[in-house]
>>> print(open('model-v8.pdb').read())   # PDB, C-alpha atoms, pLDDT in the B column
ATOM      1  CA  MET P   1      -9.436 -10.413-249.342  1.00 48.00           C
ATOM      2  CA  GLY P   2      -8.184 -13.943-249.956  1.00 58.00           C
ATOM      3  CA  VAL P   3      -4.885 -15.707-250.176  1.00 58.00           C
ATOM      4  CA  LYS P   4      -4.038 -17.835-253.186  1.00 66.00           C
ATOM      5  CA  LEU P   5      -1.243 -20.351-252.765  1.00 62.00           C
ATOM      6  CA  ASP P   6       0.649 -21.100-255.948  1.00 67.00           C
ATOM      7  CA  VAL P   7       3.010 -24.074-255.911  1.00 61.00           C
ATOM      8  CA  GLY P   8       5.024 -22.729-258.831  1.00 70.00           C
ATOM      9  CA  ASN P   9       8.555 -24.160-258.747  1.00 73.00           C
ATOM     10  CA  SER P  10       8.549 -25.131-255.078  1.00 71.00           C
ATOM     11  CA  ARG P  11      11.106 -27.677-253.878  1.00 74.00           C
ATOM     12  CA  PHE P  12       8.752 -28.728-251.102  1.00 74.00           C
ATOM     13  CA  PRO P  13       6.194 -31.514-251.492  1.00 80.00           C
ATOM     14  CA  ALA P  14       2.508 -30.645-251.586  1.00 82.00           C
ATOM     15  CA  VAL P  15       0.685 -30.430-248.258  1.00 86.00           C
ATOM     16  CA  THR P  16      -2.077 -33.052-248.212  1.00 89.00           C
ATOM     17  CA  TRP P  17      -3.589 -32.277-244.797  1.00 91.00           C
ATOM     18  CA  LEU P  18      -3.330 -29.699-242.028  1.00 89.00           C
ATOM     19  CA  ASP P  19      -4.075 -29.946-238.331  1.00 90.00           C
ATOM     20  CA  ALA P  20      -3.708 -27.649-235.332  1.00 88.00           C
ATOM     21  CA  ASP P  21      -3.162 -28.437-231.676  1.00 88.00           C
ATOM     22  CA  LYS P  22      -3.370 -25.844-228.898  1.00 87.00           C
ATOM     23  CA  GLN P  23      -0.794 -26.314-226.126  1.00 85.00           C
ATOM     24  CA  GLY P  24      -1.327 -23.687-223.423  1.00 87.00           C
ATOM     25  CA  GLU P  25      -0.613 -20.341-225.055  1.00 84.00           C
ATOM     26  CA  ALA P  26       1.093 -21.900-228.085  1.00 87.00           C
ATOM     27  CA  VAL P  27      -0.503 -23.403-231.191  1.00 89.00           C
ATOM     28  CA  ASN P  28       1.119 -26.257-233.091  1.00 91.00           C
ATOM     29  CA  LEU P  29       0.359 -26.363-236.807  1.00 89.00           C
ATOM     30  CA  ILE P  30       0.976 -29.777-238.347  1.00 91.00           C
ATOM     31  CA  PHE P  31       1.366 -29.953-242.120  1.00 90.00           C
ATOM     32  CA  GLY P  32       1.024 -33.452-243.571  1.00 92.00           C
ATOM     33  CA  THR P  33       2.807 -34.453-246.744  1.00 90.00           C
ATOM     34  CA  ARG P  34       4.536 -37.385-248.392  1.00 88.00           C
ATOM     35  CA  VAL P  35       8.296 -37.700-248.774  1.00 83.00           C
ATOM     36  CA  GLU P  36       9.619 -40.564-250.900  1.00 85.00           C
ATOM     37  CA  GLY P  37       6.236 -42.272-250.645  1.00 86.00           C
ATOM     38  CA  GLN P  38       6.123 -42.121-246.838  1.00 89.00           C
ATOM     39  CA  GLY P  39       3.743 -39.969-244.807  1.00 90.00           C
ATOM     40  CA  ALA P  40       5.506 -37.144-243.008  1.00 89.00           C
ATOM     41  CA  GLY P  41       4.411 -34.310-240.748  1.00 89.00           C
ATOM     42  CA  LEU P  42       6.016 -30.916-240.323  1.00 88.00           C
ATOM     43  CA  ARG P  43       5.194 -29.286-236.987  1.00 91.00           C
ATOM     44  CA  VAL P  44       5.433 -25.509-236.596  1.00 91.00           C
ATOM     45  CA  THR P  45       4.879 -23.986-233.135  1.00 92.00           C
ATOM     46  CA  LEU P  46       3.413 -20.476-232.996  1.00 91.00           C
ATOM     47  CA  THR P  47       3.163 -18.216-229.972  1.00 91.00           C
ATOM     48  CA  SER P  48      -0.261 -16.783-229.184  1.00 87.00           C
ATOM     49  CA  SER P  49       0.662 -13.434-230.786  1.00 88.00           C
ATOM     50  CA  GLN P  50       1.920 -15.172-233.936  1.00 89.00           C
ATOM     51  CA  TRP P  51      -1.328 -17.165-234.036  1.00 85.00           C
ATOM     52  CA  GLU P  52      -3.412 -13.981-233.709  1.00 83.00           C
ATOM     53  CA  ASN P  53      -1.442 -12.379-236.567  1.00 84.00           C
ATOM     54  CA  LEU P  54      -1.966 -15.460-238.749  1.00 82.00           C
ATOM     55  CA  LYS P  55      -5.694 -15.540-237.985  1.00 77.00           C
ATOM     56  CA  PHE P  56      -5.912 -11.864-238.967  1.00 74.00           C
ATOM     57  CA  LEU P  57      -4.282 -12.637-242.323  1.00 72.00           C
ATOM     58  CA  VAL P  58      -6.652 -15.535-242.979  1.00 70.00           C
ATOM     59  CA  GLU P  59      -9.896 -14.029-241.632  1.00 72.00           C
ATOM     60  CA  GLY P  60      -9.249 -10.366-242.411  1.00 68.00           C
ATOM     61  CA  PRO P  61     -10.141  -7.445-240.159  1.00 68.00           C
ATOM     62  CA  LYS P  62     -13.332  -7.662-238.124  1.00 70.00           C
ATOM     63  CA  SER P  63     -15.961  -5.131-239.094  1.00 69.00           C
ATOM     64  CA  ASN P  64     -17.793  -3.267-236.327  1.00 62.00           C
TER
END
>>> encode(input="model-v8.pdb", output="structure tokens")
Amino acid sequence: MGVKLDVGNSRFPAVTWLDADKQGEAVNLIFGTRVEGQGAGLRVTLTSSQWENLKFLVEGPKSN
């Protein structure tokens, strides 16, 4: 199973890079973009349980 991202009619600028930074139990996701020609980063902090749920969506269930 995969995820396809479709920009469609989004008001948000395209993400040009993505980074992650683990801080204790939390994970910071940093989305890089450009706003009015300037580089900008959007930081989203996830708890460890939110991170595990996101990883499950991206990786899919583990087979035994």
>>> residues_around(input="model-v8.pdb", residues="stretch 17-20 of chain P", least_positions_apart="3", cutoff="6 Å", atoms="only C-alpha atoms", output="list in words")
Asn28, Leu29, Ile30, Phe31 and Gly32 of chain P
>>> axis_aligned_box(input="model-v8.pdb", around="stretch 15-22 of chain P", padding_each_side="6 Å", output="JSON")
{"center_x": -1.7, "center_y": -29.4, "center_z": -238.6, "size_x": 16.8, "size_y": 19.2, "size_z": 31.4}
>>> residues_near_point(input="model-v8.pdb", point="(3.3, -17.7, -230.9)", cutoff="12 Å", atoms="only C-alpha atoms", output="PyMOL selection string")
chain P and resi 22-29+44-55
>>> resolve_selection(input="model-v8.pdb", expression="the PyMOL selection byres ((chain P and resi 35) around 12)", output="VMD selection string")
chain P and resid 11 to 16 32 to 34 36 to 42
>>> write_last_selection(input="model-v8.pdb", atoms="C-alpha atoms", output="PDB file, in the frame of the given file")
ATOM      1  CA  ARG P  11      11.106 -27.677-253.878  1.00 74.00           C
ATOM      2  CA  PHE P  12       8.752 -28.728-251.102  1.00 74.00           C
ATOM      3  CA  PRO P  13       6.194 -31.514-251.492  1.00 80.00           C
ATOM      4  CA  ALA P  14       2.508 -30.645-251.586  1.00 82.00           C
ATOM      5  CA  VAL P  15       0.685 -30.430-248.258  1.00 86.00           C
ATOM      6  CA  THR P  16      -2.077 -33.052-248.212  1.00 89.00           C
ATOM      7  CA  GLY P  32       1.024 -33.452-243.571  1.00 92.00           C
ATOM      8  CA  THR P  33       2.807 -34.453-246.744  1.00 90.00           C
ATOM      9  CA  ARG P  34       4.536 -37.385-248.392  1.00 88.00           C
ATOM     10  CA  GLU P  36       9.619 -40.564-250.900  1.00 85.00           C
ATOM     11  CA  GLY P  37       6.236 -42.272-250.645  1.00 86.00           C
ATOM     12  CA  GLN P  38       6.123 -42.121-246.838  1.00 89.00           C
ATOM     13  CA  GLY P  39       3.743 -39.969-244.807  1.00 90.00           C
ATOM     14  CA  ALA P  40       5.506 -37.144-243.008  1.00 89.00           C
ATOM     15  CA  GLY P  41       4.411 -34.310-240.748  1.00 89.00           C
ATOM     16  CA  LEU P  42       6.016 -30.916-240.323  1.00 88.00           C
TER      17      LEU P  42
END
>>> decode(input="model-v8.pdb", residues="stretch 25-37 of chain P", atoms="N, CA and C atoms", output="PDB file, in the first residue's frame")
ATOM      1  N   GLU P  25      11.486  11.900  23.650  1.00  0.00           N
ATOM      2  CA  GLU P  25      10.394  11.052  23.154  1.00  0.00           C
ATOM      3  C   GLU P  25       9.683  11.656  21.951  1.00  0.00           C
ATOM      4  N   ALA P  26       9.906  12.942  21.696  1.00  0.00           N
ATOM      5  CA  ALA P  26       9.214  13.619  20.598  1.00  0.00           C
ATOM      6  C   ALA P  26      10.060  13.578  19.326  1.00  0.00           C
ATOM      7  N   VAL P  27       9.386  13.741  18.198  1.00  0.00           N
ATOM      8  CA  VAL P  27      10.050  13.838  16.896  1.00  0.00           C
ATOM      9  C   VAL P  27       9.587  15.125  16.241  1.00  0.00           C
ATOM     10  N   ASN P  28      10.545  15.947  15.820  1.00  0.00           N
ATOM     11  CA  ASN P  28      10.228  17.163  15.079  1.00  0.00           C
ATOM     12  C   ASN P  28      10.362  16.872  13.597  1.00  0.00           C
ATOM     13  N   LEU P  29       9.303  17.107  12.841  1.00  0.00           N
ATOM     14  CA  LEU P  29       9.362  17.034  11.386  1.00  0.00           C
ATOM     15  C   LEU P  29       9.505  18.458  10.878  1.00  0.00           C
ATOM     16  N   ILE P  30      10.463  18.687   9.996  1.00  0.00           N
ATOM     17  CA  ILE P  30      10.690  20.017   9.451  1.00  0.00           C
ATOM     18  C   ILE P  30      10.459  19.954   7.948  1.00  0.00           C
ATOM     19  N   PHE P  31       9.469  20.699   7.485  1.00  0.00           N
ATOM     20  CA  PHE P  31       9.122  20.750   6.070  1.00  0.00           C
ATOM     21  C   PHE P  31       9.690  22.048   5.498  1.00  0.00           C
ATOM     22  N   GLY P  32      10.553  21.931   4.499  1.00  0.00           N
ATOM     23  CA  GLY P  32      11.147  23.113   3.882  1.00  0.00           C
ATOM     24  C   GLY P  32      10.381  23.519   2.644  1.00  0.00           C
ATOM     25  N   THR P  33      10.219  24.824   2.477  1.00  0.00           N
ATOM     26  CA  THR P  33       9.485  25.354   1.338  1.00  0.00           C
ATOM     27  C   THR P  33      10.013  26.745   1.021  1.00  0.00           C
ATOM     28  N   ARG P  34       9.395  27.402   0.088  1.00  0.00           N
ATOM     29  CA  ARG P  34       9.743  28.786  -0.228  1.00  0.00           C
ATOM     30  C   ARG P  34       8.472  29.620  -0.182  1.00  0.00           C
ATOM     31  N   VAL P  35       8.560  30.749   0.494  1.00  0.00           N
ATOM     32  CA  VAL P  35       7.436  31.681   0.593  1.00  0.00           C
ATOM     33  C   VAL P  35       7.940  33.035   0.114  1.00  0.00           C
ATOM     34  N   GLU P  36       7.331  33.543  -0.930  1.00  0.00           N
ATOM     35  CA  GLU P  36       7.722  34.823  -1.533  1.00  0.00           C
ATOM     36  C   GLU P  36       9.215  34.849  -1.847  1.00  0.00           C
ATOM     37  N   GLY P  37       9.724  33.725  -2.360  1.00  0.00           N
ATOM     38  CA  GLY P  37      11.108  33.633  -2.775  1.00  0.00           C
ATOM     39  C   GLY P  37      12.107  33.369  -1.654  1.00  0.00           C
TER      40      GLY P  37
END
